[in-house]
>>> print(open('work_31.cif').read())   # mmCIF, C-alpha atoms
data_target
#
loop_
_atom_site.group_PDB
_atom_site.id
_atom_site.type_symbol
_atom_site.label_atom_id
_atom_site.label_comp_id
_atom_site.auth_asym_id
_atom_site.auth_seq_id
_atom_site.Cartn_x
_atom_site.Cartn_y
_atom_site.Cartn_z
ATOM 1 C CA MET A 88 21.959 -47.218 -41.550
ATOM 2 C CA HIS A 89 25.280 -48.384 -42.849
ATOM 3 C CA ARG A 90 27.472 -46.526 -45.277
ATOM 4 C CA SER A 91 30.129 -48.409 -47.191
ATOM 5 C CA GLY A 92 32.932 -47.072 -49.340
ATOM 6 C CA SER A 93 34.212 -43.521 -49.252
ATOM 7 C CA ALA A 94 32.164 -40.865 -47.508
ATOM 8 C CA ARG A 95 30.047 -38.681 -49.750
ATOM 9 C CA PRO A 96 29.183 -35.091 -48.913
ATOM 10 C CA ARG A 97 25.816 -34.575 -47.255
ATOM 11 C CA GLU A 98 23.175 -33.107 -49.572
ATOM 12 C CA SER A 99 20.146 -31.046 -48.656
ATOM 13 C CA VAL A 100 17.073 -31.737 -50.764
ATOM 14 C CA ARG A 101 16.325 -28.016 -50.454
ATOM 15 C CA ASP A 102 19.305 -27.484 -52.764
ATOM 16 C CA TYR A 103 18.100 -29.909 -55.446
ATOM 17 C CA PRO A 104 16.840 -28.166 -58.597
ATOM 18 C CA ARG A 105 13.359 -27.577 -59.936
ATOM 19 C CA PRO A 106 12.820 -28.658 -62.629
ATOM 20 C CA PRO A 107 14.594 -31.868 -61.604
ATOM 21 C CA VAL A 108 17.732 -33.307 -63.197
ATOM 22 C CA ALA A 109 18.839 -36.858 -63.971
ATOM 23 C CA VAL A 110 22.457 -37.674 -63.111
ATOM 24 C CA PRO A 111 24.431 -40.924 -63.394
ATOM 25 C CA ASP A 112 25.330 -42.686 -60.134
ATOM 26 C CA GLU A 113 28.104 -45.295 -59.997
ATOM 27 C CA ARG A 114 27.168 -46.814 -56.640
ATOM 28 C CA ARG A 115 25.709 -50.302 -56.490
ATOM 29 C CA VAL A 116 21.913 -50.214 -56.252
ATOM 30 C CA VAL A 117 20.136 -53.409 -55.155
ATOM 31 C CA VAL A 118 16.405 -54.127 -54.826
ATOM 32 C CA GLU A 119 15.235 -57.266 -52.979
ATOM 33 C CA PHE A 120 11.797 -58.866 -52.794
ATOM 34 C CA ALA A 121 10.593 -62.280 -51.589
ATOM 35 C CA GLY A 122 14.148 -63.482 -51.005
ATOM 36 C CA LEU A 123 15.205 -62.577 -54.552
ATOM 37 C CA VAL A 124 17.435 -59.871 -55.977
ATOM 38 C CA VAL A 125 15.110 -58.044 -58.351
ATOM 39 C CA ALA A 126 17.587 -55.386 -59.485
ATOM 40 C CA ASP A 127 21.352 -55.088 -59.126
ATOM 41 C CA SER A 128 23.223 -52.341 -60.928
ATOM 42 C CA ASP A 129 26.135 -49.946 -60.791
ATOM 43 C CA ARG A 130 24.662 -48.005 -63.735
ATOM 44 C CA ALA A 131 21.747 -46.231 -62.058
ATOM 45 C CA VAL A 132 20.571 -42.704 -62.760
ATOM 46 C CA ARG A 133 19.435 -40.506 -59.854
ATOM 47 C CA VAL A 134 16.678 -37.970 -60.305
ATOM 48 C CA LEU A 135 17.134 -34.987 -58.008
ATOM 49 C CA GLU A 136 14.229 -32.634 -57.345
ATOM 50 C CA THR A 137 13.674 -29.944 -54.722
ATOM 51 C CA HIS A 138 12.421 -31.371 -51.406
ATOM 52 C CA HIS A 139 12.512 -34.986 -52.655
ATOM 53 C CA PRO A 140 14.976 -37.707 -51.744
ATOM 54 C CA PRO A 141 16.618 -39.067 -54.901
ATOM 55 C CA VAL A 142 14.841 -41.667 -57.001
ATOM 56 C CA PHE A 143 17.124 -44.300 -58.527
ATOM 57 C CA TYR A 144 16.365 -45.580 -62.035
ATOM 58 C CA VAL A 145 17.983 -48.908 -62.922
ATOM 59 C CA PRO A 146 18.654 -50.107 -66.484
ATOM 60 C CA ARG A 147 16.094 -52.713 -67.550
ATOM 61 C CA ALA A 148 19.019 -55.019 -68.404
ATOM 62 C CA ASP A 149 19.921 -55.087 -64.670
ATOM 63 C CA VAL A 150 16.368 -55.959 -63.533
ATOM 64 C CA ARG A 151 14.644 -59.342 -63.255
ATOM 65 C CA THR A 152 11.913 -58.325 -65.686
ATOM 66 C CA ASP A 153 10.491 -61.854 -65.540
ATOM 67 C CA LEU A 154 9.159 -60.845 -62.089
ATOM 68 C CA LEU A 155 7.382 -57.740 -63.419
ATOM 69 C CA ARG A 156 3.842 -57.529 -64.768
ATOM 70 C CA ARG A 157 2.587 -54.295 -66.276
ATOM 71 C CA SER A 158 -0.239 -52.871 -64.181
ATOM 72 C CA SER A 159 -3.151 -50.752 -65.324
ATOM 73 C CA THR A 160 -1.832 -47.722 -63.400
ATOM 74 C CA ARG A 161 -0.678 -44.745 -65.448
ATOM 75 C CA THR A 162 0.618 -41.479 -64.026
ATOM 76 C CA TRP A 163 1.870 -38.193 -65.387
ATOM 77 C CA CYS A 164 4.851 -36.090 -64.298
ATOM 78 C CA GLU A 165 4.961 -32.497 -65.478
ATOM 79 C CA TRP A 166 8.721 -32.892 -66.066
ATOM 80 C CA LYS A 167 9.261 -36.512 -67.136
ATOM 81 C CA GLY A 168 6.016 -37.294 -68.989
ATOM 82 C CA ALA A 169 3.797 -40.397 -68.973
ATOM 83 C CA ALA A 170 4.741 -43.260 -66.642
ATOM 84 C CA VAL A 171 3.623 -46.867 -66.675
ATOM 85 C CA HIS A 172 3.623 -48.933 -63.495
ATOM 86 C CA TRP A 173 4.654 -52.509 -62.793
ATOM 87 C CA ASP A 174 3.497 -55.123 -60.301
ATOM 88 C CA LEU A 175 6.192 -57.309 -58.787
ATOM 89 C CA VAL A 176 5.282 -61.011 -58.592
ATOM 90 C CA ALA A 177 7.510 -63.617 -56.932
ATOM 91 C CA GLY A 178 5.889 -66.947 -56.126
ATOM 92 C CA PRO A 179 2.821 -66.266 -54.002
ATOM 93 C CA ARG A 180 3.860 -62.677 -53.219
ATOM 94 C CA LEU A 181 2.531 -59.695 -55.127
ATOM 95 C CA SER A 182 3.499 -56.061 -54.662
ATOM 96 C CA ALA A 183 1.120 -53.893 -56.659
ATOM 97 C CA ASP A 184 2.667 -50.977 -58.550
ATOM 98 C CA ALA A 185 6.084 -51.660 -57.012
ATOM 99 C CA ALA A 186 7.933 -50.055 -59.928
ATOM 100 C CA TRP A 187 7.426 -47.513 -62.667
ATOM 101 C CA SER A 188 9.090 -46.432 -65.883
ATOM 102 C CA TYR A 189 8.962 -43.752 -68.567
ATOM 103 C CA PRO A 190 8.940 -45.592 -71.920
ATOM 104 C CA ASP A 191 9.076 -42.308 -73.840
ATOM 105 C CA PRO A 192 10.346 -39.657 -71.411
ATOM 106 C CA ALA A 193 9.985 -35.951 -72.027
ATOM 107 C CA PRO A 194 12.901 -33.964 -73.478
ATOM 108 C CA GLY A 195 15.665 -33.576 -70.923
ATOM 109 C CA PHE A 196 14.979 -37.007 -69.398
ATOM 110 C CA ALA A 197 16.113 -39.333 -72.193
ATOM 111 C CA ALA A 198 18.441 -40.988 -69.638
ATOM 112 C CA LEU A 199 15.336 -42.568 -68.031
ATOM 113 C CA ALA A 200 14.285 -44.455 -71.166
ATOM 114 C CA ASP A 201 14.608 -48.215 -70.697
ATOM 115 C CA ARG A 202 15.028 -47.851 -66.906
ATOM 116 C CA LEU A 203 12.846 -48.748 -63.935
ATOM 117 C CA ALA A 204 12.426 -47.138 -60.525
ATOM 118 C CA PHE A 205 11.167 -48.988 -57.430
ATOM 119 C CA TYR A 206 9.199 -47.785 -54.416
ATOM 120 C CA PRO A 207 11.318 -48.786 -51.398
ATOM 121 C CA SER A 208 8.137 -49.168 -49.337
ATOM 122 C CA ARG A 209 6.771 -51.813 -51.731
ATOM 123 C CA VAL A 210 9.766 -54.143 -51.735
ATOM 124 C CA ASP A 211 11.619 -55.846 -48.896
ATOM 125 C CA ARG A 212 14.862 -53.909 -49.132
ATOM 126 C CA CYS A 213 16.683 -51.353 -51.270
ATOM 127 C CA THR A 214 20.331 -50.449 -50.845
ATOM 128 C CA VAL A 215 22.625 -47.812 -52.300
ATOM 129 C CA GLY A 216 26.338 -48.477 -51.899
ATOM 130 C CA GLY A 217 25.504 -51.078 -49.230
ATOM 131 C CA GLU A 218 23.326 -48.712 -47.165
ATOM 132 C CA THR A 219 19.710 -49.717 -46.603
ATOM 133 C CA VAL A 220 17.391 -46.897 -47.644
ATOM 134 C CA ALA A 221 14.228 -45.642 -45.966
ATOM 135 C CA PRO A 222 11.174 -44.798 -48.091
ATOM 136 C CA GLN A 223 10.105 -41.214 -48.665
ATOM 137 C CA PRO A 224 7.139 -40.334 -46.435
ATOM 138 C CA GLY A 225 3.719 -40.601 -48.011
ATOM 139 C CA ASP A 226 4.642 -43.229 -50.617
ATOM 140 C CA PHE A 227 3.649 -40.948 -53.500
ATOM 141 C CA TYR A 228 7.023 -40.034 -54.972
ATOM 142 C CA GLY A 229 9.125 -43.110 -54.235
ATOM 143 C CA GLY A 230 12.269 -41.338 -53.027
ATOM 144 C CA TRP A 231 15.135 -43.235 -51.402
ATOM 145 C CA ILE A 232 16.353 -41.713 -48.125
ATOM 146 C CA THR A 233 19.974 -42.432 -47.222
ATOM 147 C CA SER A 234 22.267 -40.904 -44.629
ATOM 148 C CA GLU A 235 23.682 -38.528 -47.250
ATOM 149 C CA VAL A 236 20.410 -36.633 -47.796
ATOM 150 C CA ALA A 237 18.813 -34.173 -45.401
ATOM 151 C CA GLY A 238 15.182 -33.014 -45.432
ATOM 152 C CA PRO A 239 12.634 -31.758 -44.908
ATOM 153 C CA PHE A 240 11.128 -34.172 -47.437
ATOM 154 C CA LYS A 241 7.939 -33.589 -49.341
ATOM 155 C CA GLY A 242 5.371 -36.368 -49.017
ATOM 156 C CA GLY A 243 4.338 -36.329 -45.386
ATOM 157 C CA PRO A 244 1.158 -34.730 -44.022
ATOM 158 C CA GLY A 245 0.860 -31.056 -44.924
ATOM 159 C CA THR A 246 3.573 -31.059 -47.603
ATOM 160 C CA ARG A 247 1.564 -31.743 -50.754
ATOM 161 C CA GLY A 248 1.423 -28.050 -51.704
ATOM 162 C CA TRP A 249 5.151 -27.345 -51.375
#
>>> encode(input="work_31.cif", output="structure tokens")
Amino acid sequence: MHRSGSARPRESVRDYPRPPVAVPDERRVVVEFAGLVVADSDRAVRVLETHHPPVFYVPRADVRTDLLRRSSTRTWCEWKGAAVHWDLVAGPRLSADAAWSYPDPAPGFAALADRLAFYPSRVDRCTVGGETVAPQPGDFYGGWITSEVAGPFKGGPGTRGW
């Protein structure tokens, strides 16, 4: 993995809070799929939660929403509320439920309104500050693993009950 810009302190996901928090992040976040830049922003919000790599939420204005199609999937987060999911369609390629959003987030998460998060495992590439991210194990939570975060990460076998 490549890190660009100034070095950031290493973070342990064990130290992230529960309930989670949403914090602004000024680094450039890019999502690529089917040879296209789907999202490109320096106005992301990171959600930090115990034992989870951060999830980056990008303003809708910085996303190619013409490539998104609302899916029938709905999920619920005890902290953030009701989420809707989005398929990503580019030419002949389809990535089902590649993104999600909270149209009316729960109190304390208003910063997520009008933003989208992407599963790194369901797109071709995600970067934060020029560093390619790895997907969180298990593909349930959609966390973005970079060199600045240390596990253990929830999501792999045997971690569901953490």
>>> residues_around(input="work_31.cif", residues="Asp149 in chain A", least_positions_apart="5", cutoff="12 Å", atoms="only C-alpha atoms", output="tab-separated table (two decimals) with C-alpha atoms, keeping the file's coordinate frame")
chain	number	residue	atom	x	y	z
A	115	ARG	CA	25.71	-50.30	-56.49
A	116	VAL	CA	21.91	-50.21	-56.25
A	117	VAL	CA	20.14	-53.41	-55.16
A	118	VAL	CA	16.40	-54.13	-54.83
A	124	VAL	CA	17.43	-59.87	-55.98
A	125	VAL	CA	15.11	-58.04	-58.35
A	126	ALA	CA	17.59	-55.39	-59.48
A	127	ASP	CA	21.35	-55.09	-59.13
A	128	SER	CA	23.22	-52.34	-60.93
A	129	ASP	CA	26.14	-49.95	-60.79
A	130	ARG	CA	24.66	-48.00	-63.74
A	131	ALA	CA	21.75	-46.23	-62.06
A	144	TYR	CA	16.36	-45.58	-62.04
A	201	ASP	CA	14.61	-48.22	-70.70
A	202	ARG	CA	15.03	-47.85	-66.91
A	203	LEU	CA	12.85	-48.75	-63.94
A	204	ALA	CA	12.43	-47.14	-60.52
>>> residues_around(input="work_31.cif", residues="Pro106 in chain A", least_positions_apart="4", cutoff="12 Å", atoms="all atoms listed in the file", output="list in words")
Asp102, Val134, Leu135, Glu136, Thr137, His138, His139, Cys164, Glu165, Trp166, Lys167, Gly195 and Phe196 of chain A
>>> write_last_selection(input="work_31.cif", atoms="C-alpha atoms", output="PDB file, in the coordinates of the input")
ATOM      1  CA  ASP A 102      19.305 -27.484 -52.764  1.00  0.00           C
ATOM      2  CA  VAL A 134      16.678 -37.970 -60.305  1.00  0.00           C
ATOM      3  CA  LEU A 135      17.134 -34.987 -58.008  1.00  0.00           C
ATOM      4  CA  GLU A 136      14.229 -32.634 -57.345  1.00  0.00           C
ATOM      5  CA  THR A 137      13.674 -29.944 -54.722  1.00  0.00           C
ATOM      6  CA  HIS A 138      12.421 -31.371 -51.406  1.00  0.00           C
ATOM      7  CA  HIS A 139      12.512 -34.986 -52.655  1.00  0.00           C
ATOM      8  CA  CYS A 164       4.851 -36.090 -64.298  1.00  0.00           C
ATOM      9  CA  GLU A 165       4.961 -32.497 -65.478  1.00  0.00           C
ATOM     10  CA  TRP A 166       8.721 -32.892 -66.066  1.00  0.00           C
ATOM     11  CA  LYS A 167       9.261 -36.512 -67.136  1.00  0.00           C
ATOM     12  CA  GLY A 195      15.665 -33.576 -70.923  1.00  0.00           C
ATOM     13  CA  PHE A 196      14.979 -37.007 -69.398  1.00  0.00           C
TER      14      PHE A 196
END
>>> atom_distance(input="work_31.cif", atom1="CA of Asp211 in chain A", atom2="CA of Pro244 in chain A")
24.1 Å
>>> atom_distance(input="work_31.cif", atom1="CA of Val236 in chain A", atom2="CA of Ala221 in chain A")
11.1 Å
>>> closest_residue(input="work_31.cif", among="A:Val210, A:Val215, A:Ala198, A:Val220", to="Leu175 in chain A", atoms="all atoms listed in the file")
A:Val210
>>> resolve_selection(input="work_31.cif", expression="the PyMOL selection byres ((chain A and resi 153) around 10)", output="list in words")
Val125, Val150, Arg151, Thr152, Leu154, Leu155, Arg156, Leu175, Val176 and Ala177 of chain A
>>> write_last_selection(input="work_31.cif", atoms="C-alpha atoms", output="compact mmCIF listing (two decimals), keeping the file's coordinate frame")
# COMPACT_ATOMS: atom_id res chain seq x y z
CA VAL A 125 15.11 -58.04 -58.35
CA VAL A 150 16.37 -55.96 -63.53
CA ARG A 151 14.64 -59.34 -63.26
CA THR A 152 11.91 -58.32 -65.69
CA LEU A 154 9.16 -60.84 -62.09
CA LEU A 155 7.38 -57.74 -63.42
CA ARG A 156 3.84 -57.53 -64.77
CA LEU A 175 6.19 -57.31 -58.79
CA VAL A 176 5.28 -61.01 -58.59
CA ALA A 177 7.51 -63.62 -56.93
>>> closest_residue(input="work_31.cif", among="A:Lys241, A:Ala193, A:Arg114, A:Arg105", to="Gly216 in chain A", atoms="all atoms listed in the file")
A:Arg114
